[in-house]
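J.: Provided below: entry.cif, containing mmCIF, C-alpha atoms.
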```
data_work
#
loop_
_atom_site.label_atom_id
_atom_site.label_comp_id
_atom_site.auth_asym_id
_atom_site.auth_seq_id
_atom_site.Cartn_x
_atom_site.Cartn_y
_atom_site.Cartn_z
CA MET A 1 12.42 14.74 -69.84
CA GLU A 2 13.01 18.33 -68.78
CA GLN A 3 12.64 19.33 -65.15
CA SER A 4 11.75 22.75 -63.83
CA ASP A 5 14.38 24.63 -61.88
CA ASP A 6 11.82 24.88 -59.05
CA GLN A 7 12.27 21.17 -58.38
CA PHE A 8 15.86 21.79 -57.34
CA LEU A 9 15.15 24.78 -55.10
CA SER A 10 14.96 24.34 -51.34
CA PRO A 11 13.15 26.72 -48.96
CA PRO A 12 15.08 29.80 -47.78
CA CYS A 13 17.11 28.88 -44.71
CA THR A 14 17.70 31.39 -41.89
CA TRP A 15 20.18 30.94 -39.05
CA VAL A 16 18.88 32.31 -35.75
CA ASN A 17 21.64 33.42 -33.39
CA GLY A 18 19.51 32.56 -30.37
CA PRO A 19 16.28 30.62 -29.82
CA ILE A 20 13.30 30.12 -32.10
CA ILE A 21 10.05 30.84 -30.26
CA VAL A 22 6.90 29.27 -31.69
CA GLY A 23 3.84 31.31 -30.80
CA ALA A 24 3.19 35.02 -30.18
CA GLY A 25 0.60 34.69 -27.45
CA PRO A 26 1.20 35.70 -23.81
CA SER A 27 3.68 32.83 -23.27
CA GLY A 28 5.76 33.61 -26.34
CA LEU A 29 5.76 37.33 -25.57
CA ALA A 30 6.91 36.69 -21.99
CA VAL A 31 9.83 34.54 -23.17
CA ALA A 32 10.80 37.13 -25.79
CA ALA A 33 10.73 39.94 -23.22
CA GLY A 34 12.95 37.90 -20.90
CA LEU A 35 15.43 37.23 -23.68
CA ARG A 36 15.43 40.93 -24.55
CA GLN A 37 16.31 41.64 -20.92
CA GLN A 38 19.13 39.10 -21.21
CA GLY A 39 20.45 40.61 -24.43
CA VAL A 40 19.81 37.38 -26.35
CA PRO A 41 18.60 37.62 -29.98
CA PHE A 42 15.58 35.54 -30.97
CA VAL A 43 12.94 34.95 -33.63
CA VAL A 44 9.23 34.54 -32.90
CA LEU A 45 7.22 32.56 -35.47
CA GLU A 46 3.47 33.16 -35.40
CA ARG A 47 0.98 31.51 -37.75
CA SER A 48 -1.54 34.36 -37.57
CA ASP A 49 -1.11 37.97 -38.67
CA CYS A 50 -1.15 39.43 -35.16
CA ILE A 51 -0.08 38.75 -31.61
CA ALA A 52 -2.47 36.99 -29.23
CA SER A 53 -4.71 35.82 -32.08
CA LEU A 54 -6.73 33.54 -29.79
CA TRP A 55 -7.68 36.52 -27.61
CA ARG A 56 -8.45 38.76 -30.59
CA ARG A 57 -10.29 36.35 -32.85
CA CYS A 58 -11.61 33.44 -30.78
CA THR A 59 -13.10 34.97 -27.63
CA TYR A 60 -16.53 36.41 -26.90
CA ASP A 61 -17.14 40.12 -26.37
CA ARG A 62 -18.11 40.04 -22.69
CA LEU A 63 -15.05 38.07 -21.63
CA LYS A 64 -13.05 39.37 -18.68
CA LEU A 65 -10.08 37.80 -16.97
CA HIS A 66 -11.43 35.33 -14.45
CA LEU A 67 -8.58 35.93 -12.01
CA PRO A 68 -7.42 39.20 -10.41
CA LYS A 69 -5.09 41.17 -12.62
CA ARG A 70 -2.00 40.60 -10.48
CA PHE A 71 -2.19 36.90 -11.37
CA CYS A 72 -2.47 37.63 -15.10
CA GLN A 73 0.20 40.23 -15.81
CA LEU A 74 3.36 39.22 -17.63
CA PRO A 75 6.89 39.57 -16.23
CA TYR A 76 8.59 42.99 -16.19
CA LEU A 77 5.45 45.04 -16.89
CA PRO A 78 2.41 45.33 -14.58
CA PHE A 79 -1.05 46.29 -15.78
CA PRO A 80 -1.81 50.01 -15.86
CA GLY A 81 -2.93 51.26 -12.46
CA ASP A 82 -6.34 52.37 -13.75
CA PHE A 83 -7.27 48.90 -15.01
CA PRO A 84 -10.06 47.20 -13.02
CA GLU A 85 -9.42 44.14 -10.88
CA TYR A 86 -10.71 41.94 -13.70
CA PRO A 87 -9.61 43.52 -17.00
CA SER A 88 -11.82 43.12 -20.05
CA LYS A 89 -10.84 41.33 -23.23
CA SER A 90 -10.05 44.61 -25.02
CA GLN A 91 -8.01 45.89 -22.08
CA PHE A 92 -5.97 42.70 -21.98
CA ILE A 93 -5.30 42.91 -25.73
CA ASP A 94 -4.23 46.55 -25.34
CA TYR A 95 -1.89 45.46 -22.55
CA LEU A 96 -0.33 42.76 -24.75
CA ASP A 97 0.12 45.25 -27.60
CA SER A 98 1.91 47.67 -25.28
CA TYR A 99 3.98 44.78 -23.90
CA ALA A 100 5.19 43.82 -27.38
CA ALA A 101 6.00 47.46 -28.15
CA ARG A 102 7.80 47.99 -24.84
CA PHE A 103 10.19 45.11 -25.47
CA ALA A 104 10.45 45.59 -29.25
CA ILE A 105 9.02 42.16 -30.00
CA ARG A 106 8.37 41.83 -33.73
CA PRO A 107 7.13 38.34 -34.60
CA ARG A 108 7.42 36.92 -38.09
CA PHE A 109 3.71 36.68 -38.84
CA ARG A 110 1.98 34.19 -41.12
CA HIS A 111 4.68 31.60 -40.43
CA SER A 112 2.68 28.42 -39.79
CA VAL A 113 5.10 25.85 -38.39
CA ARG A 114 4.81 22.55 -40.23
CA SER A 115 7.62 20.63 -38.53
CA ALA A 116 10.37 21.01 -35.97
CA ARG A 117 13.06 18.40 -35.60
CA TYR A 118 16.38 18.14 -33.82
CA ASP A 119 19.40 17.33 -35.96
CA ALA A 120 21.66 15.30 -33.70
CA THR A 121 24.59 15.59 -36.14
CA THR A 122 24.75 19.37 -35.93
CA GLY A 123 23.09 19.85 -32.55
CA LEU A 124 20.59 22.24 -34.11
CA TRP A 125 16.81 22.57 -34.39
CA ARG A 126 15.35 22.81 -37.89
CA VAL A 127 11.94 24.46 -38.01
CA ALA A 128 10.03 24.41 -41.30
CA SER A 129 7.10 26.75 -41.80
CA ALA A 130 4.62 27.68 -44.50
CA VAL A 131 4.46 31.34 -45.40
CA GLY A 132 1.44 31.59 -47.63
CA ALA A 133 2.22 29.45 -50.67
CA ALA A 134 5.94 29.59 -49.95
CA GLU A 135 8.08 27.71 -47.43
CA ALA A 136 10.81 28.78 -45.06
CA GLU A 137 13.22 27.13 -42.67
CA HIS A 138 14.80 28.50 -39.50
CA ILE A 139 17.71 26.85 -37.71
CA ALA A 140 18.85 27.45 -34.14
CA ARG A 141 20.41 25.84 -31.10
CA TRP A 142 17.28 26.32 -28.97
CA LEU A 143 13.56 25.85 -29.57
CA VAL A 144 10.90 27.33 -27.28
CA VAL A 145 7.42 25.88 -27.76
CA ALA A 146 4.97 28.59 -26.69
CA SER A 147 2.02 27.81 -28.94
CA GLY A 148 -0.13 27.01 -25.92
CA GLU A 149 -2.68 24.45 -24.86
CA ASN A 150 -5.45 26.22 -26.77
CA ALA A 151 -4.15 26.23 -30.33
CA GLU A 152 -6.93 24.16 -31.92
CA LYS A 153 -10.62 23.92 -31.16
CA VAL A 154 -11.98 20.63 -29.84
CA VAL A 155 -15.06 19.39 -31.68
CA PRO A 156 -16.68 16.32 -30.10
CA GLU A 157 -17.49 13.30 -32.22
CA LEU A 158 -21.07 14.13 -33.06
CA GLU A 159 -20.98 12.80 -36.59
CA GLY A 160 -24.16 10.90 -37.12
CA LEU A 161 -25.78 12.70 -34.22
CA LEU A 162 -25.95 16.08 -35.93
CA ASP A 163 -26.77 14.79 -39.42
CA ARG A 164 -30.51 15.12 -38.96
CA PHE A 165 -30.49 18.34 -36.92
CA GLY A 166 -30.45 20.84 -39.78
CA GLY A 167 -29.89 23.89 -37.55
CA GLU A 168 -26.86 26.10 -36.96
CA VAL A 169 -23.90 24.52 -35.15
CA THR A 170 -21.12 26.83 -33.92
CA HIS A 171 -17.97 26.35 -31.85
CA VAL A 172 -17.38 28.74 -28.99
CA CYS A 173 -14.38 30.20 -30.86
CA ASP A 174 -16.85 31.78 -33.32
CA PHE A 175 -19.29 33.06 -30.68
CA LYS A 176 -19.11 36.82 -30.06
CA SER A 177 -22.40 37.86 -28.46
CA GLY A 178 -25.80 36.51 -27.56
CA GLU A 179 -27.45 39.36 -29.47
CA ARG A 180 -27.71 37.38 -32.72
CA TYR A 181 -29.48 34.58 -30.81
CA ARG A 182 -32.20 36.78 -29.36
CA GLY A 183 -35.46 34.83 -29.12
CA LYS A 184 -33.81 31.55 -30.09
CA ARG A 185 -33.59 28.25 -28.24
CA VAL A 186 -29.89 27.46 -27.93
CA LEU A 187 -28.24 24.26 -26.79
CA VAL A 188 -24.83 24.90 -25.19
CA VAL A 189 -22.69 21.76 -25.10
CA GLY A 190 -20.20 22.13 -22.25
CA CYS A 191 -20.26 23.46 -18.70
CA GLY A 192 -16.81 24.95 -18.15
CA ASN A 193 -16.19 28.64 -17.63
CA SER A 194 -16.93 29.36 -21.30
CA GLY A 195 -20.12 27.29 -21.35
CA MET A 196 -21.40 28.97 -18.20
CA GLU A 197 -20.55 32.49 -19.34
CA ILE A 198 -21.95 32.01 -22.84
CA SER A 199 -25.18 30.65 -21.36
CA LEU A 200 -25.35 33.76 -19.16
CA ASP A 201 -24.72 36.03 -22.15
CA LEU A 202 -27.43 34.28 -24.16
CA CYS A 203 -29.83 34.71 -21.27
CA ASP A 204 -28.97 38.41 -20.93
CA HIS A 205 -29.75 38.91 -24.64
CA GLY A 206 -33.17 37.31 -24.56
CA ALA A 207 -32.28 33.82 -25.78
CA SER A 208 -33.34 30.58 -24.08
CA PRO A 209 -30.20 28.56 -23.32
CA THR A 210 -30.05 24.92 -22.29
CA MET A 211 -26.66 23.73 -21.07
CA VAL A 212 -25.52 20.11 -21.48
CA VAL A 213 -23.64 18.90 -18.39
CA ARG A 214 -22.30 15.42 -19.06
CA ASP A 215 -19.69 15.27 -16.31
CA SER A 216 -19.36 16.45 -12.74
CA VAL A 217 -18.06 19.98 -12.24
CA HIS A 218 -16.82 22.18 -9.41
CA VAL A 219 -18.53 25.57 -9.25
CA LEU A 220 -16.91 28.09 -6.91
CA PRO A 221 -17.82 31.72 -6.20
CA ARG A 222 -15.39 34.07 -7.92
CA GLU A 223 -15.19 36.14 -4.73
CA VAL A 224 -15.92 35.57 -1.06
CA LEU A 225 -16.55 38.64 1.11
CA GLY A 226 -14.91 40.81 -1.53
CA LYS A 227 -11.79 38.65 -1.79
CA SER A 228 -10.91 36.52 -4.80
CA THR A 229 -11.43 32.80 -4.20
CA PHE A 230 -8.25 32.12 -6.16
CA ASP A 231 -6.37 34.61 -3.98
CA LEU A 232 -7.75 32.82 -0.92
CA ALA A 233 -6.58 29.44 -2.24
CA VAL A 234 -3.08 30.77 -2.94
CA LEU A 235 -2.88 32.18 0.58
CA LEU A 236 -4.10 28.96 2.23
CA LEU A 237 -1.65 26.84 0.23
CA LYS A 238 1.20 28.65 1.95
CA TRP A 239 0.16 27.11 5.26
CA LEU A 240 -1.95 24.04 4.50
CA PRO A 241 -1.76 20.94 2.27
CA ALA A 242 -3.80 21.00 -0.93
CA ARG A 243 -6.27 18.40 0.35
CA MET A 244 -7.12 20.56 3.36
CA VAL A 245 -7.44 23.64 1.17
CA ASP A 246 -9.82 21.70 -1.06
CA LYS A 247 -12.05 20.97 1.91
CA LEU A 248 -12.07 24.61 2.94
CA LEU A 249 -12.86 25.77 -0.60
CA LEU A 250 -15.78 23.35 -0.84
CA ALA A 251 -17.08 24.52 2.53
CA VAL A 252 -16.91 28.12 1.31
CA ALA A 253 -18.66 27.14 -1.93
CA TRP A 254 -21.43 25.36 -0.04
CA ALA A 255 -21.97 28.37 2.22
CA ALA A 256 -22.00 30.83 -0.70
CA LEU A 257 -23.78 28.83 -3.38
CA GLY A 258 -25.68 26.12 -1.57
CA ASN A 259 -26.21 22.58 -2.85
CA VAL A 260 -25.68 22.93 -6.60
CA ALA A 261 -26.21 19.21 -7.23
CA LYS A 262 -29.98 19.64 -7.11
CA PHE A 263 -29.69 21.92 -10.13
CA GLY A 264 -27.87 19.31 -12.20
CA LEU A 265 -24.31 20.32 -11.27
CA LYS A 266 -22.90 17.32 -9.49
CA ARG A 267 -19.53 17.87 -7.82
CA PRO A 268 -16.62 15.48 -8.49
CA SER A 269 -15.37 13.28 -5.66
CA ALA A 270 -11.90 14.83 -5.96
CA GLY A 271 -11.41 18.42 -4.80
CA PRO A 272 -10.94 21.35 -7.19
CA LEU A 273 -7.20 21.68 -6.57
CA GLU A 274 -6.66 17.94 -6.83
CA LEU A 275 -8.51 17.81 -10.16
CA LYS A 276 -6.57 20.79 -11.47
CA ASN A 277 -3.24 19.25 -10.50
CA THR A 278 -3.96 15.72 -11.70
CA GLN A 279 -6.22 16.21 -14.71
CA GLY A 280 -5.87 19.87 -15.61
CA LYS A 281 -9.60 20.50 -15.06
CA THR A 282 -10.25 24.07 -14.03
CA PRO A 283 -13.14 24.79 -11.64
CA VAL A 284 -15.87 27.15 -12.79
CA LEU A 285 -15.73 30.56 -11.14
CA ASP A 286 -19.32 31.75 -11.05
CA ILE A 287 -20.04 35.29 -12.23
CA GLY A 288 -23.82 35.07 -12.33
CA ALA A 289 -24.78 31.98 -14.34
CA LEU A 290 -25.69 29.97 -11.25
CA ALA A 291 -28.40 32.44 -10.25
CA LYS A 292 -29.92 32.05 -13.74
CA ILE A 293 -29.75 28.28 -13.39
CA LYS A 294 -31.52 28.43 -10.03
CA SER A 295 -34.23 30.68 -11.49
CA GLY A 296 -34.72 28.34 -14.45
CA ASP A 297 -33.64 30.92 -17.05
CA ILE A 298 -30.73 28.61 -17.92
CA LYS A 299 -31.81 24.98 -18.10
CA VAL A 300 -29.39 22.16 -17.31
CA VAL A 301 -29.66 18.71 -18.91
CA PRO A 302 -27.45 15.59 -18.92
CA GLY A 303 -25.85 14.10 -22.04
CA ILE A 304 -27.19 14.02 -25.58
CA LYS A 305 -28.67 10.82 -27.00
CA ARG A 306 -29.38 12.01 -30.53
CA PHE A 307 -30.47 14.92 -32.68
CA LEU A 308 -33.69 15.08 -34.65
CA PRO A 309 -34.77 17.75 -37.17
CA GLY A 310 -34.83 20.92 -35.06
CA LYS A 311 -34.76 18.89 -31.85
CA VAL A 312 -32.45 17.06 -29.47
CA GLU A 313 -33.18 13.95 -27.42
CA ILE A 314 -31.51 13.91 -24.01
CA VAL A 315 -30.31 10.70 -22.37
CA ASP A 316 -33.05 11.01 -19.74
CA GLY A 317 -35.74 10.89 -22.43
CA GLN A 318 -36.47 14.61 -22.77
CA ILE A 319 -36.96 15.94 -26.30
CA LEU A 320 -36.21 19.64 -26.66
CA ASP A 321 -36.85 22.07 -29.51
CA VAL A 322 -33.54 23.64 -30.54
CA ASP A 323 -32.73 26.40 -33.05
CA SER A 324 -28.94 26.51 -32.63
CA VAL A 325 -26.13 24.52 -31.03
CA ILE A 326 -22.98 26.08 -29.54
CA LEU A 327 -20.08 23.74 -28.77
CA ALA A 328 -18.34 25.07 -25.66
CA THR A 329 -16.02 22.09 -25.81
CA GLY A 330 -12.69 23.87 -25.45
CA TYR A 331 -9.33 23.72 -27.14
CA GLN A 332 -6.24 21.57 -27.32
CA SER A 333 -2.55 21.83 -28.21
CA ASN A 334 -1.39 21.22 -31.77
CA VAL A 335 2.22 20.46 -30.77
CA PRO A 336 1.96 16.70 -31.58
CA GLN A 337 1.16 17.64 -35.18
CA TRP A 338 4.45 19.39 -35.86
CA LEU A 339 7.03 18.54 -33.19
CA GLN A 340 8.59 15.46 -34.71
CA GLY A 341 9.11 12.43 -32.47
CA TYR A 342 6.38 13.59 -30.08
CA ASP A 343 5.02 10.04 -29.66
CA ASP A 344 8.17 8.16 -30.58
CA ASP A 345 9.52 6.12 -27.65
CA GLU A 346 12.80 5.77 -29.51
CA GLY A 347 12.98 9.44 -30.41
CA LEU A 348 15.27 12.14 -29.15
CA LEU A 349 13.06 12.77 -26.15
CA LEU A 350 11.37 9.72 -24.67
CA ASN A 351 7.65 9.77 -24.20
CA HIS A 352 7.79 10.15 -20.43
CA GLU A 353 10.42 12.86 -20.80
CA ARG A 354 8.17 14.74 -23.21
CA ARG A 355 5.23 14.49 -20.84
CA ARG A 356 7.41 15.71 -18.02
CA GLY A 357 8.76 18.55 -20.13
CA PHE A 358 5.37 19.70 -21.34
CA GLY A 359 3.23 18.63 -18.41
CA ASN A 360 5.20 19.28 -15.25
CA GLY A 361 8.25 21.25 -16.29
CA TRP A 362 9.66 23.84 -18.63
CA LYS A 363 12.95 22.34 -19.86
CA GLY A 364 13.45 19.29 -22.04
CA LYS A 365 16.53 17.88 -23.70
CA CYS A 366 18.56 19.10 -26.67
CA GLY A 367 17.76 22.77 -26.16
CA LEU A 368 13.99 22.24 -26.08
CA TYR A 369 11.83 24.42 -23.80
CA ALA A 370 8.10 24.70 -23.20
CA VAL A 371 6.07 27.59 -21.77
CA GLY A 372 2.34 27.59 -21.17
CA PHE A 373 1.77 23.84 -20.90
CA ARG A 374 1.53 23.30 -17.16
CA GLY A 375 -2.10 24.28 -16.67
CA ARG A 376 -1.18 27.14 -14.34
CA GLY A 377 -2.57 29.97 -16.40
CA ILE A 378 -0.84 33.18 -17.40
CA SER A 379 0.88 33.55 -14.03
CA GLY A 380 2.47 30.11 -14.26
CA ALA A 381 3.48 30.69 -17.87
CA GLY A 382 5.10 33.98 -16.88
CA SER A 383 7.22 32.42 -14.15
CA ASP A 384 8.29 29.61 -16.50
CA ALA A 385 9.15 32.18 -19.17
CA VAL A 386 11.53 33.89 -16.75
CA ARG A 387 13.23 30.54 -16.06
CA VAL A 388 13.52 29.74 -19.76
CA ALA A 389 14.97 33.13 -20.67
CA SER A 390 17.48 32.94 -17.82
CA ASP A 391 18.56 29.42 -18.74
CA ILE A 392 19.00 30.23 -22.42
CA GLY A 393 20.77 33.47 -21.52
CA LYS A 394 23.39 31.62 -19.47
CA ALA A 395 23.94 29.07 -22.24
CA TRP A 396 24.11 31.77 -24.90
CA ARG A 397 26.68 33.83 -22.99
CA SER A 398 28.82 30.81 -22.17
CA SER A 399 28.94 29.71 -25.80
CA THR A 400 32.37 30.13 -27.33
CA ASP A 401 30.90 30.82 -30.76
CA ASN A 402 27.72 32.85 -31.13
CA LYS A 403 28.28 33.42 -34.80
CA LEU A 404 26.77 31.78 -37.84
CA PRO A 405 27.94 28.16 -37.96
CA ASN A 406 29.59 26.74 -41.02
CA LYS A 407 26.92 26.63 -43.70
CA ARG A 408 27.76 23.02 -44.51
CA SER A 409 26.90 21.99 -40.96
CA PHE A 410 23.18 22.38 -41.54
CA MET A 411 22.69 22.19 -45.28
#
```
Would you put the structure from the file into structure tokens?
T.:
Amino acid sequence: MEQSDDQFLSPPCTWVNGPIIVGAGPSGLAVAAGLRQQGVPFVVLERSDCIASLWRRCTYDRLKLHLPKRFCQLPYLPFPGDFPEYPSKSQFIDYLDSYAARFAIRPRFRHSVRSARYDATTGLWRVASAVGAAEAEHIARWLVVASGENAEKVVPELEGLLDRFGGEVTHVCDFKSGERYRGKRVLVVGCGNSGMEISLDLCDHGASPTMVVRDSVHVLPREVLGKSTFDLAVLLLKWLPARMVDKLLLAVAWAALGNVAKFGLKRPSAGPLELKNTQGKTPVLDIGALAKIKSGDIKVVPGIKRFLPGKVEIVDGQILDVDSVILATGYQSNVPQWLQGYDDDEGLLLNHERRRGFGNGWKGKCGLYAVGFRGRGISGAGSDAVRVASDIGKAWRSSTDNKLPNKRSFM
């Protein structure tokens, strides 16, 4: 039986004389810029056809940075001086474009990483990616995972619940503006920053939003007396323990916003900083949605019991007419899908080591690094990127052989 020559061909293999960076979002760009400063060559693999694809393709039009710009700029390049305190989505994208140009960062686009594994025999990382219908492989001593915590949308298990609904169901990643929902009754599932802001946008465009709040949530004013609440927290943490700062933040929130529990927004027993540090839950920074909730323009309901044709039954017995559903249910990392051994206790990196590397640190074993997985936003990712670039730079310069290894060593 004859066999095609294609059966004997393996994907093109490229040696990278430096690290492989997976992801061309803010984290990946920051690492690449640091390596450029260090004089270390690198390759950035990006599954999309542009940098910062999440910001370009999966965010709503009215989005602005929730934190002051000084907390959101990347290393080595501040925001332009004429940018407002809270840059818009388009301004942030422009900034990232100029950042990539400034440091000559040219990702290899449309490289969707399928697997990354460490070859203990050669001491090298082998990263396989799909490039359209073709395949490619990159090999290097170091691997930087910078694909972020928001790589894939989270869709709650509503199978069976939504079967009878019959209306439009959209994830927040596909929501751009409330204009197309004008005059419609919209159920927003989720009460984080996105859920709150989308509900506000719907309200501003003449829709009637109802927000599902299943869990407790901290709502804080974005500013207090003209000063950023986040800025205030950072300042207080220099002098006081986190638990005390939590108490002060809640006192400020009570004074500024009043008792939000009576509007269906029950506060957690743990403070906002404690929840952020232990569970990664970010408090909501109010930019106007709470006033609409208090006025009744945005309705708040507890969990969903079931959907009916054009309706939803709430766990408290209410039955609401609904035209559309928007799932503001967030995103999650896709690293476990392609980083081999991620859940293998006998693997190269033990489970607790992997959690420590991706949850509370930036450096793992075997030349593995992670940026953007510590729940500290762009500022935290930037500081970790500087550490990663410096660490790799030292190792790269101390190497006695920065040339292409013997081809047989990784074939």
J.: Go through A:Phe175, A:Trp362, A:Trp396, A:Tyr118 and flag the residue nearest A:Asp61, using only C-alpha atoms for the distances.
T.: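 Closest to A:Asp61 of all the choices is A:Phe175.
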J.: Need to verify the contact set: A:Arg56, 12 Å, all atoms listed in the file, exclusion of same-chain residues closer than 3 positions in sequence. Can you return it as a PyMOL selection string?
T.: chain A and resi 25+48-53+59-61+63+88-94+96-97+173-174+176
J.: For a cut-off of 10 Å around (17.8, 33.2, -19.9), file coordinates, pick out all residues using only C-alpha atoms and list them as a count of residues only.
T.: 22
J.: Using all atoms listed in the file, find the one residue out of A:Pro87, A:Gly123, A:Pro41, A:Gly167 that sits nearest to A:Leu187.
T.: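 Under the stated criterion, the closest residue is A:Gly167.
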J.: What does the PyMOL selection byres ((chain A and resi 124) around 9) select in this file, as a PyMOL selection string?
T.: chain A and resi 117-123+125-126+139-142+366-367+410
J.: Any chance you could export the current selection's C-alpha atoms as a short mmCIF file (atom, residue, chain, number, x, y, z; two decimals), in the frame of the given file?
T.:
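Result file follows (selection18.cif):
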```
data_model
loop_
_atom_site.label_atom_id
_atom_site.label_comp_id
_atom_site.auth_asym_id
_atom_site.auth_seq_id
_atom_site.Cartn_x
_atom_site.Cartn_y
_atom_site.Cartn_z
CA ARG A 117 13.06 18.40 -35.60
CA TYR A 118 16.38 18.14 -33.82
CA ASP A 119 19.40 17.33 -35.96
CA ALA A 120 21.66 15.30 -33.70
CA THR A 121 24.59 15.59 -36.14
CA THR A 122 24.75 19.37 -35.93
CA GLY A 123 23.09 19.85 -32.55
CA TRP A 125 16.81 22.57 -34.39
CA ARG A 126 15.35 22.81 -37.89
CA ILE A 139 17.71 26.85 -37.71
CA ALA A 140 18.85 27.45 -34.14
CA ARG A 141 20.41 25.84 -31.10
CA TRP A 142 17.28 26.32 -28.97
CA CYS A 366 18.56 19.10 -26.67
CA GLY A 367 17.76 22.77 -26.16
CA PHE A 410 23.18 22.38 -41.54
#
```
J.: In Å, with one decimal, what is the gap from atom CA of A:Trp239 to atom CA of A:Ile287?
T.: 27.9 Å
J.: Using the chain letters and numbers from the file, give me the residues hit by the PyMOL selection byres ((chain A and resi 259-264) around 7), as a list in words.
T.: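 Applied to this file, the PyMOL selection byres ((chain A and resi 259-264) around 7) selects Trp254, Leu257, Gly258, Leu265, Lys266, Arg267, Lys294, Val300 and Val301 of chain A.
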J.: So, counting all atoms listed in the file, which residue among A:Ile20, A:Ala116, A:Ala30, A:Leu308 is closest to A:Pro336?
T.: A:Ala116
J.: List the neighbours of stretch 181-186 of chain A out to 9 Å using all atoms listed in the file; skip same-chain residues closer than 2 positions along the sequence, and give me the result as a VMD selection string.
T.: chain A and resid 177 to 179 188 199 202 to 203 205 to 211 321 to 326
